[in-house]
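Shown here: input04.txt, compact mmCIF, C-alpha atoms.
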# COMPACT_ATOMS: atom_id res chain seq x y z
CA MET A 792 7.59 6.17 8.78
CA SER A 793 10.47 4.21 7.39
CA LEU A 794 11.98 5.74 4.30
CA ILE A 795 14.78 3.70 2.76
CA GLU A 796 17.33 5.52 0.65
CA ILE A 797 19.82 3.57 -1.41
CA LYS A 798 22.58 5.91 -2.47
CA ASP A 799 25.18 5.10 -5.13
CA ILE A 800 25.59 1.52 -3.96
CA THR A 801 28.30 -0.53 -5.59
CA LYS A 802 29.25 -4.02 -4.42
CA ASP A 803 32.16 -6.01 -5.74
CA TYR A 804 32.96 -9.63 -4.97
CA GLY A 805 36.60 -9.76 -5.95
CA LYS A 806 36.61 -8.82 -9.60
CA THR A 807 32.90 -9.36 -10.07
CA ARG A 808 30.67 -6.30 -9.81
CA ALA A 809 27.40 -7.53 -8.28
CA LEU A 810 25.78 -4.10 -7.96
CA ASP A 811 26.81 -1.16 -10.08
CA ASN A 812 26.09 2.29 -8.68
CA ILE A 813 22.44 1.74 -7.76
CA SER A 814 20.34 4.56 -6.31
CA PHE A 815 16.66 4.66 -5.47
CA THR A 816 14.22 5.42 -2.70
CA ILE A 817 11.71 3.07 -1.11
CA GLU A 818 8.75 4.99 0.24
CA PRO A 819 7.04 3.65 3.34
CA ASN A 820 3.98 1.40 3.46
CA LYS A 821 3.90 0.02 -0.03
CA ILE A 822 4.23 -3.50 -1.38
CA TYR A 823 7.24 -3.72 -3.68
CA GLY A 824 8.30 -6.46 -6.04
CA LEU A 825 12.06 -6.85 -6.40
CA LEU A 826 12.50 -8.60 -9.71
CA GLY A 827 15.61 -9.78 -11.48
CA ARG A 828 17.04 -12.82 -13.19
CA ASN A 829 19.28 -15.30 -11.39
CA GLY A 830 22.43 -13.52 -10.33
CA ALA A 831 21.03 -10.05 -11.07
CA GLY A 832 21.94 -8.85 -7.58
CA LYS A 833 18.63 -9.09 -5.71
CA THR A 834 19.89 -11.03 -2.74
CA THR A 835 23.07 -8.93 -2.58
CA LEU A 836 20.86 -5.85 -2.34
CA LEU A 837 18.75 -7.38 0.44
CA ASN A 838 21.90 -8.45 2.27
CA LEU A 839 23.28 -4.92 2.05
CA LEU A 840 20.00 -3.48 3.26
CA THR A 841 20.29 -5.55 6.41
CA ASN A 842 23.99 -5.09 7.12
CA LYS A 843 24.78 -8.72 6.25
CA LEU A 844 27.20 -7.35 3.69
CA PHE A 845 29.19 -4.17 3.45
CA PRO A 846 29.05 -2.12 0.23
CA THR A 847 32.19 -1.39 -1.76
CA SER A 848 30.94 2.17 -1.92
CA GLY A 849 27.74 4.08 -1.24
CA ASP A 850 25.31 4.16 1.68
CA ILE A 851 21.87 2.92 2.61
CA THR A 852 19.80 4.83 5.13
CA ILE A 853 16.50 4.25 6.88
CA ASP A 854 14.85 7.50 7.97
CA GLY A 855 18.17 9.23 7.43
CA GLU A 856 20.28 6.85 9.52
CA THR A 857 22.78 4.49 7.96
CA VAL A 858 22.00 0.77 8.26
CA PHE A 859 25.63 -0.20 8.54
CA GLU A 860 26.57 -1.25 12.08
CA ASN A 861 23.46 0.51 13.34
CA ASP A 862 21.10 -1.61 15.47
CA LYS A 863 18.53 1.11 15.74
CA ALA A 864 17.97 1.31 12.00
CA LEU A 865 18.23 -2.48 11.59
CA GLY A 866 15.56 -3.05 14.26
CA LYS A 867 13.03 -1.62 11.82
CA VAL A 868 13.72 -4.33 9.26
CA PHE A 869 12.89 -8.01 9.29
CA TYR A 870 14.61 -10.08 6.63
CA MET A 871 13.19 -13.44 5.65
CA MET A 872 16.06 -15.13 3.88
CA GLU A 873 15.83 -17.83 1.28
CA ARG A 874 18.44 -19.82 3.18
CA ASN A 875 17.61 -21.14 6.60
CA LEU A 876 19.84 -19.67 9.27
CA TYR A 877 17.91 -20.80 12.33
CA PRO A 878 19.60 -23.38 14.58
CA GLU A 879 18.26 -26.66 13.26
CA THR A 880 17.57 -28.27 16.61
CA LEU A 881 15.23 -25.51 17.77
CA ARG A 882 11.49 -26.04 17.68
CA VAL A 883 9.19 -23.66 15.81
CA LYS A 884 7.71 -22.24 19.01
CA GLU A 885 11.19 -21.70 20.43
CA VAL A 886 12.10 -19.61 17.40
CA PHE A 887 8.96 -17.54 18.01
CA LYS A 888 10.12 -16.78 21.57
CA TRP A 889 13.68 -16.21 20.48
CA THR A 890 12.61 -13.76 17.76
CA ARG A 891 10.80 -11.70 20.36
CA GLU A 892 14.15 -11.03 22.04
CA TYR A 893 15.25 -9.17 18.90
CA TYR A 894 11.88 -7.84 17.79
CA PRO A 895 10.07 -6.84 21.00
CA SER A 896 6.76 -6.31 19.22
CA PHE A 897 6.80 -9.85 17.79
CA ASP A 898 3.24 -11.21 18.15
CA ILE A 899 3.52 -14.78 19.46
CA GLU A 900 -0.23 -15.30 19.55
CA TYR A 901 -0.64 -14.25 15.92
CA ALA A 902 2.31 -16.43 14.88
CA GLY A 903 0.66 -19.40 16.60
CA LYS A 904 -2.63 -18.72 14.85
CA LEU A 905 -0.96 -18.52 11.46
CA ALA A 906 0.96 -21.74 12.12
CA ASP A 907 -2.34 -23.38 12.99
CA SER A 908 -4.04 -22.18 9.84
CA PHE A 909 -1.24 -23.60 7.70
CA GLY A 910 -1.14 -26.87 9.61
CA LEU A 911 2.35 -26.28 10.97
CA PRO A 912 2.82 -27.94 14.38
CA THR A 913 4.81 -25.49 16.53
CA ASN A 914 6.58 -28.21 18.47
CA LYS A 915 8.30 -29.47 15.32
CA ARG A 916 12.03 -29.02 15.04
CA ILE A 917 13.33 -26.73 12.29
CA LYS A 918 15.42 -29.49 10.73
CA SER A 919 12.38 -31.71 10.26
CA LEU A 920 10.48 -29.14 8.18
CA SER A 921 9.99 -29.81 4.46
CA THR A 922 11.07 -27.10 1.97
CA GLY A 923 7.48 -25.85 1.77
CA TYR A 924 6.92 -25.76 5.51
CA SER A 925 10.30 -24.15 6.02
CA SER A 926 9.13 -21.30 3.76
CA ILE A 927 5.79 -21.08 5.56
CA PHE A 928 7.54 -21.01 8.92
CA LYS A 929 9.89 -18.21 7.84
CA VAL A 930 7.12 -16.07 6.37
CA ILE A 931 5.08 -16.50 9.56
CA VAL A 932 8.00 -15.24 11.63
CA ALA A 933 8.37 -12.28 9.25
CA LEU A 934 4.67 -11.35 9.33
CA ALA A 935 4.49 -11.68 13.11
CA SER A 936 7.64 -9.61 13.66
CA ASN A 937 5.64 -6.39 13.36
CA ALA A 938 8.70 -4.75 11.85
CA GLU A 939 8.09 -1.61 9.79
CA ILE A 940 9.88 -3.13 6.83
CA ILE A 941 9.78 -6.78 5.90
CA LEU A 942 11.91 -8.31 3.19
CA LEU A 943 10.73 -11.61 1.76
CA ASP A 944 13.24 -13.49 -0.37
CA GLU A 945 11.42 -16.16 -2.40
CA PRO A 946 8.61 -16.50 0.17
CA VAL A 947 6.72 -19.27 -1.64
CA LEU A 948 9.64 -21.59 -2.39
CA GLY A 949 8.42 -25.19 -2.41
CA LEU A 950 4.81 -24.33 -1.55
CA ASP A 951 1.89 -26.08 -3.24
CA ALA A 952 -0.71 -23.98 -5.07
CA ASN A 953 -3.13 -23.99 -2.12
CA HIS A 954 -0.53 -22.79 0.34
CA ARG A 955 0.77 -20.17 -2.07
CA GLU A 956 -2.70 -18.74 -2.45
CA GLN A 957 -3.23 -18.79 1.31
CA LEU A 958 0.13 -17.13 1.90
CA TYR A 959 -0.54 -14.30 -0.55
CA LYS A 960 -3.86 -13.70 1.16
CA GLU A 961 -2.19 -13.62 4.58
CA ILE A 962 0.34 -11.10 3.31
CA ILE A 963 -2.47 -8.79 2.08
CA THR A 964 -4.46 -9.20 5.28
CA ASN A 965 -1.41 -8.44 7.39
CA TYR A 966 -0.56 -5.41 5.26
CA SER A 967 -4.14 -4.09 5.33
CA GLU A 968 -4.36 -4.36 9.09
CA LYS A 969 -0.91 -2.97 9.81
CA PRO A 970 0.46 -1.10 6.81
CA LYS A 971 4.18 -1.60 6.39
CA THR A 972 6.81 -1.72 3.69
CA ILE A 973 6.94 -5.18 2.16
CA ILE A 974 9.58 -6.06 -0.41
CA ILE A 975 9.00 -9.37 -2.16
CA SER A 976 11.83 -10.83 -4.18
CA THR A 977 10.53 -13.60 -6.41
CA HIS A 978 10.75 -15.35 -9.75
CA LEU A 979 7.04 -16.12 -9.77
CA ILE A 980 6.15 -12.79 -11.31
CA GLU A 981 2.78 -13.72 -12.72
CA GLU A 982 1.53 -14.78 -9.32
CA VAL A 983 2.47 -11.62 -7.48
CA ALA A 984 1.87 -9.12 -10.31
CA GLU A 985 -1.46 -7.84 -8.97
CA LEU A 986 -0.17 -7.74 -5.42
CA LEU A 987 2.51 -5.18 -6.13
CA GLU A 988 2.12 -1.45 -5.90
CA GLU A 989 5.62 -0.76 -7.18
CA VAL A 990 8.11 -2.76 -9.17
CA ILE A 991 11.89 -2.66 -8.91
CA ILE A 992 13.70 -4.45 -11.72
CA ILE A 993 17.44 -5.04 -11.58
CA ASP A 994 19.51 -6.64 -14.26
CA ASN A 995 23.25 -7.35 -14.22
CA GLY A 996 23.69 -5.27 -11.08
CA ARG A 997 21.97 -2.21 -12.53
CA LEU A 998 18.62 -0.67 -11.82
CA VAL A 999 16.39 -1.05 -14.88
CA LYS A 1000 13.07 0.21 -13.53
CA LYS A 1001 11.57 1.45 -10.31
CA GLU A 1002 8.01 2.48 -10.99
CA PRO A 1003 4.43 2.01 -9.88
CA ALA A 1004 3.25 -1.27 -11.43
CA GLU A 1005 0.35 0.44 -13.14
CA GLN A 1006 2.58 3.06 -14.74
CA LEU A 1007 5.07 0.45 -15.88
CA LEU A 1008 2.38 -1.62 -17.57
CA ALA A 1009 0.75 1.44 -19.14
CA ALA A 1010 4.06 2.28 -20.81
CA ALA A 1011 3.81 -0.68 -23.17
CA TYR A 1012 1.25 -2.85 -24.95
CA THR A 1013 1.12 -5.94 -27.10
CA VAL A 1014 0.10 -5.94 -30.74
CA SER A 1015 -0.46 -9.14 -32.69
CA GLY A 1016 -1.70 -10.42 -36.03
CA GLU A 1017 -0.35 -11.40 -39.42
CA ALA A 1018 3.45 -11.05 -39.30
CA SER A 1019 3.96 -8.69 -42.24
CA LYS A 1020 1.18 -6.43 -40.99
CA VAL A 1021 2.60 -6.37 -37.49
CA ASP A 1022 5.91 -5.38 -39.05
CA LYS A 1023 4.18 -2.53 -40.82
CA TYR A 1024 2.68 -1.34 -37.53
CA ILE A 1025 6.01 -1.38 -35.69
CA GLU A 1026 7.97 0.25 -38.51
CA ASP A 1027 8.50 3.55 -36.67
CA ARG A 1028 7.99 2.26 -33.19
CA LYS A 1029 10.22 0.96 -30.43
CA PHE A 1030 9.42 -2.63 -29.64
CA THR A 1031 10.75 -5.76 -27.98
CA GLY A 1032 9.76 -9.32 -27.11
CA GLU A 1033 8.97 -10.60 -30.60
CA GLN A 1034 7.13 -13.91 -30.76
CA VAL A 1035 6.52 -15.66 -34.05
CA MET A 1036 4.38 -18.71 -34.70
CA GLY A 1037 4.06 -19.40 -38.39
CA LYS A 1038 2.48 -16.34 -39.96
CA PHE A 1039 1.34 -15.06 -36.59
CA LYS A 1040 3.44 -12.53 -34.74
CA SER A 1041 3.13 -10.62 -31.50
CA VAL A 1042 5.40 -7.91 -30.16
CA VAL A 1043 5.58 -5.68 -27.12
CA VAL A 1044 5.44 -2.06 -28.28
CA LEU A 1045 7.33 0.28 -25.98
CA GLU A 1046 5.05 3.27 -26.10
CA GLU A 1047 2.26 4.41 -23.83
CA ALA A 1048 -0.91 2.44 -24.40
CA ARG A 1049 -2.89 5.66 -24.85
CA HIS A 1050 -0.79 6.51 -27.92
CA LYS A 1051 -1.62 3.35 -29.83
CA ASP A 1052 -2.91 3.81 -33.35
CA GLU A 1053 -6.37 2.21 -33.36
CA ALA A 1054 -7.12 3.26 -36.92
CA LEU A 1055 -3.95 1.72 -38.34
CA ALA A 1056 -4.48 -1.45 -36.33
CA ASN A 1057 -8.03 -1.68 -37.66
CA GLU A 1058 -6.82 -1.26 -41.19
CA LEU A 1059 -4.15 -3.93 -40.72
CA ASN A 1060 -6.51 -6.20 -38.82
CA LEU A 1061 -4.31 -6.30 -35.73
CA GLU A 1062 -5.24 -6.91 -32.16
CA PHE A 1063 -4.09 -5.05 -29.06
CA SER A 1064 -3.76 -6.49 -25.62
CA MET A 1065 -2.29 -5.49 -22.30
CA VAL A 1066 1.28 -6.46 -21.69
CA GLU A 1067 1.75 -8.78 -18.73
CA LEU A 1068 4.33 -7.89 -16.10
CA GLN A 1069 6.16 -11.15 -16.67
CA LYS A 1070 6.42 -10.60 -20.43
CA LEU A 1071 7.59 -7.06 -19.94
CA PHE A 1072 10.12 -8.26 -17.40
CA ILE A 1073 11.48 -10.88 -19.82
CA SER A 1074 11.82 -8.36 -22.62
CA LEU A 1075 13.51 -5.80 -20.35
CA THR A 1076 16.05 -8.27 -18.99
CA ASN A 1077 16.73 -10.42 -22.04
CA SER A 1078 20.15 -9.15 -22.88
CA MET B 1490 -17.94 -9.84 -8.54
CA LEU B 1491 -15.51 -11.14 -11.11
CA LEU B 1492 -12.28 -9.69 -12.44
CA ASP B 1493 -10.52 -10.61 -15.67
CA PHE B 1494 -6.77 -10.34 -15.23
CA ASN B 1495 -6.17 -10.77 -18.97
CA SER B 1496 -8.39 -7.89 -19.95
CA GLU B 1497 -7.02 -4.68 -21.33
CA LYS B 1498 -9.09 -2.75 -18.82
CA PRO B 1499 -7.27 -1.73 -15.62
CA ILE B 1500 -8.20 -3.79 -12.56
CA TYR B 1501 -9.52 -0.80 -10.58
CA LEU B 1502 -11.97 0.08 -13.37
CA GLN B 1503 -13.08 -3.53 -13.64
CA LEU B 1504 -13.61 -3.61 -9.90
CA ALA B 1505 -15.72 -0.44 -9.98
CA GLU B 1506 -17.85 -1.89 -12.79
CA ALA B 1507 -18.19 -5.22 -11.03
CA ILE B 1508 -19.51 -3.48 -7.92
CA GLU B 1509 -21.92 -1.46 -10.08
CA ASP B 1510 -23.13 -4.70 -11.69
CA ASP B 1511 -23.72 -6.17 -8.26
CA ILE B 1512 -25.69 -3.08 -7.24
CA LEU B 1513 -27.82 -3.34 -10.41
CA ARG B 1514 -28.44 -7.02 -9.76
CA GLY B 1515 -29.47 -6.30 -6.20
CA ILE B 1516 -26.59 -8.19 -4.60
CA PHE B 1517 -25.75 -4.94 -2.80
CA ASP B 1518 -28.93 -3.03 -1.94
CA GLU B 1519 -29.05 0.73 -1.47
CA GLU B 1520 -28.22 1.84 2.07
CA THR B 1521 -26.56 -1.46 2.88
CA GLN B 1522 -22.90 -2.13 3.52
CA ILE B 1523 -20.66 -3.60 0.84
CA VAL B 1524 -17.60 -5.77 1.40
CA SER B 1525 -14.49 -4.02 2.70
CA THR B 1526 -11.47 -3.02 0.64
CA THR B 1527 -9.44 -5.57 2.60
CA GLU B 1528 -11.88 -8.38 1.80
CA ILE B 1529 -11.79 -7.44 -1.87
CA SER B 1530 -8.01 -7.26 -2.06
CA VAL B 1531 -7.53 -10.50 -0.12
CA ASN B 1532 -10.08 -12.34 -2.23
CA PHE B 1533 -8.68 -11.30 -5.57
CA LYS B 1534 -5.08 -11.12 -4.28
CA ILE B 1535 -4.77 -7.56 -5.56
CA ASN B 1536 -2.92 -4.68 -3.98
CA PRO B 1537 -5.12 -2.84 -1.46
CA ALA B 1538 -4.24 0.47 -3.14
CA THR B 1539 -5.73 -0.85 -6.39
CA ALA B 1540 -8.89 -1.96 -4.62
CA GLY B 1541 -9.07 1.42 -2.88
CA LYS B 1542 -8.76 3.23 -6.19
CA GLY B 1543 -11.75 1.35 -7.61
CA ILE B 1544 -13.85 2.02 -4.51
CA ASN B 1545 -12.89 5.71 -4.44
CA LEU B 1546 -14.02 6.08 -8.03
CA LEU B 1547 -17.51 5.06 -6.93
CA VAL B 1548 -17.34 7.31 -3.86
CA ASP B 1549 -16.46 10.27 -6.10
CA GLU B 1550 -19.45 9.50 -8.30
CA GLY B 1551 -21.74 9.35 -5.28
CA ILE B 1552 -22.55 5.67 -5.80
CA LEU B 1553 -20.90 4.61 -2.55
CA TYR B 1554 -20.33 6.56 0.63
CA LYS B 1555 -18.14 6.02 3.63
CA LYS B 1556 -19.50 5.69 7.15
CA ARG B 1557 -16.65 6.56 9.46
CA GLY B 1558 -15.47 3.56 11.41
CA VAL B 1559 -18.10 1.27 9.89
CA GLY B 1560 -17.34 0.86 6.21
CA MET B 1561 -18.65 1.47 2.71
CA PHE B 1562 -22.35 1.78 1.93
CA VAL B 1563 -24.39 1.98 -1.24
CA SER B 1564 -25.92 5.46 -1.59
CA SER B 1565 -29.66 5.78 -2.03
CA GLY B 1566 -30.35 6.51 -5.66
CA ALA B 1567 -27.19 4.62 -6.67
CA LYS B 1568 -29.07 2.25 -8.95
CA GLU B 1569 -30.59 5.08 -10.96
CA LYS B 1570 -27.25 6.85 -11.19
CA ILE B 1571 -25.60 3.73 -12.55
CA LEU B 1572 -28.44 3.14 -15.02
CA ASN B 1573 -28.21 6.69 -16.35
CA LYS B 1574 -24.47 6.45 -16.67
CA ARG B 1575 -24.70 3.12 -18.45
CA LYS B 1576 -27.36 4.45 -20.83
CA GLU B 1577 -25.04 7.25 -21.87
CA GLY B 1578 -22.30 4.67 -22.27
CA PHE B 1579 -24.66 2.53 -24.34
CA PHE B 1580 -25.00 5.31 -26.89
CA GLU B 1581 -21.27 5.99 -27.00
CA GLY B 1582 -20.17 2.38 -26.83
CA PHE B 1583 -22.79 0.47 -28.82
CA ILE B 1584 -24.87 2.78 -31.00
CA LEU B 1585 -22.06 4.87 -32.43
CA SER B 1586 -19.86 1.88 -33.16
CA LEU B 1587 -22.88 0.05 -34.61
CA LEU B 1588 -23.49 2.95 -37.01
CA GLU B 1589 -19.82 3.06 -37.93
CA GLU B 1590 -19.67 -0.66 -38.70
CA ALA B 1591 -23.00 -0.43 -40.58
CA SER B 1592 -21.72 2.32 -42.83
CA LYS B 1593 -18.59 0.24 -43.55
CA LEU B 1594 -20.81 -2.66 -44.59
CA GLY B 1595 -23.26 -0.42 -46.44
CA ILE B 1596 -26.22 -1.25 -44.22
CA SER B 1597 -28.91 1.42 -44.37
CA LYS B 1598 -30.73 2.95 -41.42
CA ASP B 1599 -33.95 1.17 -42.43
CA GLU B 1600 -32.16 -2.15 -42.59
CA ILE B 1601 -30.71 -1.57 -39.11
CA ILE B 1602 -34.15 -0.86 -37.71
CA LYS B 1603 -35.50 -4.03 -39.36
CA MET B 1604 -32.65 -6.03 -37.84
CA ILE B 1605 -33.41 -4.63 -34.40
CA GLU B 1606 -37.06 -5.62 -34.79
CA ARG B 1607 -36.06 -9.07 -35.96
CA GLY B 1608 -33.76 -9.40 -32.97
CA ASN B 1609 -36.58 -8.38 -30.66
CA GLU B 1610 -38.86 -11.10 -31.99
CA ARG B 1611 -36.40 -13.85 -31.18
Could you rewrite the structure in this file as structure tokens?
Amino acid sequence: MSLIEIKDITKDYGKTRALDNISFTIEPNKIYGLLGRNGAGKTTLLNLLTNKLFPTSGDITIDGETVFENDKALGKVFYMMERNLYPETLRVKEVFKWTREYYPSFDIEYAGKLADSFGLPTNKRIKSLSTGYSSIFKVIVALASNAEIILLDEPVLGLDANHREQLYKEIITNYSEKPKTIIISTHLIEEVAELLEEVIIIDNGRLVKKEPAEQLLAAAYTVSGEASKVDKYIEDRKFTGEQVMGKFKSVVVLEEARHKDEALANELNLEFSMVELQKLFISLTNS
Amino acid sequence: MLLDFNSEKPIYLQLAEAIEDDILRGIFDEETQIVSTTEISVNFKINPATAGKGINLLVDEGILYKKRGVGMFVSSGAKEKILNKRKEGFFEGFILSLLEEASKLGISKDEIIKMIERGNER
């Protein structure tokens, strides 16, 4: 068990409001996607969750206990940061040992195996790692930490396609064998879309959506065809994400897919398709 | 087993159908073990809950069954069950929509039967 409750969190940096009265609950043992545009407040939220920052107001609890200045609650969370905060002169294997001091159930053997499978020599120094290998190294430490909650901030930064694929597979394997809460913050939405059980979207410091991925995608659909006919279809409907190419037009209709009007679409010669998470994200955060 | 991530059909339904196809084609025989939910989710990089939902659909229909601590197996009689189900679907999915389209185009019943015969000869 590791229930995270984010309660009325507001965070100001001087006059800038980074997070604006955000509240939601993160249920245990699910894979979450934390999505938002640059500067939306994702990293601020992760930093608050791990006591790296203090909120202006509000509280965050894990299993009922506040995370602020509370080692017991924080011991349940491993945070893989986008920035590298490890001492640069340390070697990979030294970081493994060092991490075990803070996370007693850190699995050194498993970490070594993962490093092997990615071709990361464990006697390399942190400073000599490329951007890609630095990401790989940090994700390995996170996966091997055996923490109940792991936060991955841009886990595939700088990775080539092969390594990204391998990394996603390792994340699923790890999760299947030892279910845990995994929160992935990323801009590569298309790549992780099928991996996510729930999606959290924040925009301009506010919570836009927090829903099961399936439910979110079922709440909209795409309709396309000849522009004037598409316009006719969307006359009395809520829509977003218009795309026009010559006489062709496609829009995201914001209504449950099961309510779509097949007969009208047939008559107007329109085509339906599923809305992709990335498209929906763009239309929800394009303000 | 193949999944189409651009399809309108939810992934868990596609997965259930893909497993059924593999049972029909004899890739998974009756009373033999199928791949695990983990293997499926890792391979397709899909959430394990999604994979589990697809598998459970087939368990509920009696096409697969769970052996505790071992894994998922194809039930005996699964092939026939799938065939019967698909035949019903064939009527709903193909025949009815064929008749609808035919009436739109003004094709008579006799003409349809002739077309089917012609198709058979090819």
- prompt: Taking (-21.9, -4.8, -7.9) in the file's coordinates as the center, which residues reach within 10 Å of it, counting all atoms listed in the file, put as JSON, numbers by chain?
  reply: {"B": [1490, 1491, 1504, 1505, 1506, 1507, 1508, 1509, 1510, 1511, 1512, 1513, 1514, 1515, 1516, 1517, 1518, 1523, 1563]}
Go through chain B and flag each residue having an atom no more than 8 Å from chain A; for those, report the closest pair of atoms plus their distance in Å to one decimal, using all atoms listed in the file, ordered by chain and rising number, as JSON lines.
{"residue": "B:Asn1495", "atom": "CA", "partner": "A:Met1065", "partner_atom": "CA", "distance": 7.3}
{"residue": "B:Ser1496", "atom": "CA", "partner": "A:Met1065", "partner_atom": "CA", "distance": 7.0}
{"residue": "B:Glu1497", "atom": "CA", "partner": "A:Met1065", "partner_atom": "CA", "distance": 4.9}
{"residue": "B:Thr1527", "atom": "CA", "partner": "A:Ser967", "partner_atom": "CA", "distance": 6.1}
{"residue": "B:Ser1530", "atom": "CA", "partner": "A:Ile963", "partner_atom": "CA", "distance": 7.1}
{"residue": "B:Val1531", "atom": "CA", "partner": "A:Lys960", "partner_atom": "CA", "distance": 5.0}
{"residue": "B:Asn1532", "atom": "CA", "partner": "A:Lys960", "partner_atom": "CA", "distance": 7.2}
{"residue": "B:Lys1534", "atom": "CA", "partner": "A:Leu986", "partner_atom": "CA", "distance": 6.1}
{"residue": "B:Ile1535", "atom": "CA", "partner": "A:Leu986", "partner_atom": "CA", "distance": 4.6}
{"residue": "B:Asn1536", "atom": "CA", "partner": "A:Leu986", "partner_atom": "CA", "distance": 4.4}
{"residue": "B:Pro1537", "atom": "CA", "partner": "A:Ser967", "partner_atom": "CA", "distance": 7.0}
{"residue": "B:Ala1538", "atom": "CA", "partner": "A:Glu988", "partner_atom": "CA", "distance": 7.2}
{"residue": "B:Thr1539", "atom": "CA", "partner": "A:Glu988", "partner_atom": "CA", "distance": 7.9}
- prompt: In Å, how far is it from CA of Leu1075 in chain A to CA of Ala1010 in chain A?
  reply: 12.4 Å
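Atom pair CA of Leu1071 in chain A / CA of Ile980 in chain A has a distance of 10.5 Å (rounded to one decimal).
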For range 1024-1028 of chain A, please output as an mmCIF file with C-alpha atoms, in the frame of the given file all residues within 12 Å (counting all atoms listed in the file; exclusion window: fewer than 2 positions along the same chain).
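result09.cif written:
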data_model
loop_
_atom_site.group_PDB
_atom_site.id
_atom_site.type_symbol
_atom_site.label_atom_id
_atom_site.label_comp_id
_atom_site.auth_asym_id
_atom_site.auth_seq_id
_atom_site.Cartn_x
_atom_site.Cartn_y
_atom_site.Cartn_z
ATOM 1 C CA ALA A 1011 3.810 -0.680 -23.170
ATOM 2 C CA TYR A 1012 1.250 -2.850 -24.950
ATOM 3 C CA THR A 1013 1.120 -5.940 -27.100
ATOM 4 C CA VAL A 1014 0.100 -5.940 -30.740
ATOM 5 C CA SER A 1015 -0.460 -9.140 -32.690
ATOM 6 C CA GLY A 1016 -1.700 -10.420 -36.030
ATOM 7 C CA GLU A 1017 -0.350 -11.400 -39.420
ATOM 8 C CA ALA A 1018 3.450 -11.050 -39.300
ATOM 9 C CA SER A 1019 3.960 -8.690 -42.240
ATOM 10 C CA LYS A 1020 1.180 -6.430 -40.990
ATOM 11 C CA VAL A 1021 2.600 -6.370 -37.490
ATOM 12 C CA ASP A 1022 5.910 -5.380 -39.050
ATOM 13 C CA PHE A 1030 9.420 -2.630 -29.640
ATOM 14 C CA THR A 1031 10.750 -5.760 -27.980
ATOM 15 C CA GLU A 1033 8.970 -10.600 -30.600
ATOM 16 C CA LYS A 1040 3.440 -12.530 -34.740
ATOM 17 C CA SER A 1041 3.130 -10.620 -31.500
ATOM 18 C CA VAL A 1042 5.400 -7.910 -30.160
ATOM 19 C CA VAL A 1043 5.580 -5.680 -27.120
ATOM 20 C CA VAL A 1044 5.440 -2.060 -28.280
ATOM 21 C CA LEU A 1045 7.330 0.280 -25.980
ATOM 22 C CA GLU A 1046 5.050 3.270 -26.100
ATOM 23 C CA GLU A 1047 2.260 4.410 -23.830
ATOM 24 C CA HIS A 1050 -0.790 6.510 -27.920
ATOM 25 C CA LYS A 1051 -1.620 3.350 -29.830
ATOM 26 C CA ASP A 1052 -2.910 3.810 -33.350
ATOM 27 C CA GLU A 1053 -6.370 2.210 -33.360
ATOM 28 C CA ALA A 1054 -7.120 3.260 -36.920
ATOM 29 C CA LEU A 1055 -3.950 1.720 -38.340
ATOM 30 C CA ALA A 1056 -4.480 -1.450 -36.330
ATOM 31 C CA ASN A 1057 -8.030 -1.680 -37.660
ATOM 32 C CA GLU A 1058 -6.820 -1.260 -41.190
ATOM 33 C CA LEU A 1059 -4.150 -3.930 -40.720
ATOM 34 C CA ASN A 1060 -6.510 -6.200 -38.820
ATOM 35 C CA LEU A 1061 -4.310 -6.300 -35.730
ATOM 36 C CA GLU A 1062 -5.240 -6.910 -32.160
ATOM 37 C CA PHE A 1063 -4.090 -5.050 -29.060
#
query: Distance CA of Glu860 in chain A-CA of Ser848 in chain A, one decimal place?
result: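 Straight-line distance from CA of Glu860 in chain A to CA of Ser848 in chain A works out to 15.1 Å.
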- request: Name all residues at most 12 Å from Asn842 in chain A (count all atoms listed in the file; drop same-chain ones fewer than 6 positions away) and give them as an NGL selection string.
  value: :A and (835-836 or 850-853 or 857-866 or 868-870)
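Considering all atoms listed in the file, the residue among B:Tyr1501, B:Thr1521, B:Leu1587, B:Ile1601 positioned nearest to Lys1555 in chain B is B:Thr1521.
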- request: Considering all atoms listed in the file, return as a list in words whatever protein or nucleic-acid residues lie within 10 Å of range 1550-1552 of chain B, sequence-local ones (same chain, fewer than 6 positions apart) excluded.
  value: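 Near range 1550-1552 of chain B, the qualifying residues are Ile1508, Glu1509, Ile1512, Glu1519, Ile1544, Phe1562, Val1563, Ser1564, Ser1565, Gly1566, Ala1567, Lys1568, Glu1569, Lys1570 and Ile1571 of chain B.
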- request: Pick out the closest residue to Ala952 in chain A from this set: A:Leu979, A:Ala1004, A:Leu911, A:Ile1073. Count all atoms listed in the file.
  value: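 Using all atoms listed in the file, Ala952 in chain A sits closest to A:Leu979.
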Residues within 12 Å of (11.1, -3.8, -3.3), file coords, only C-alpha atoms, listed as an NGL selection string: :A and (795-797 or 815-827 or 833-834 or 836-837 or 840 or 940-944 or 972-977 or 987-993 or 998 or 1000-1004)
task: Rank nothing, just name the residue among B:Leu1572, B:Val1524, B:Ile1529, B:Ile1500 nearest to Leu1553 in chain B, using only C-alpha atoms.
output: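 Smallest separation from Leu1553 in chain B among the options: B:Val1524.
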Please identify all polymer residues within 7 Å of Ser896 in chain A, counting only C-alpha atoms, omitting same-chain residues fewer than 5 positions from it, and present them as a CSV table (one decimal) with C-alpha atoms, in the frame of the given file.
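result.csv, written as the output of this step:
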chain,number,residue,atom,x,y,z
A,891,ARG,CA,10.8,-11.7,20.4
A,936,SER,CA,7.6,-9.6,13.7
A,937,ASN,CA,5.6,-6.4,13.4
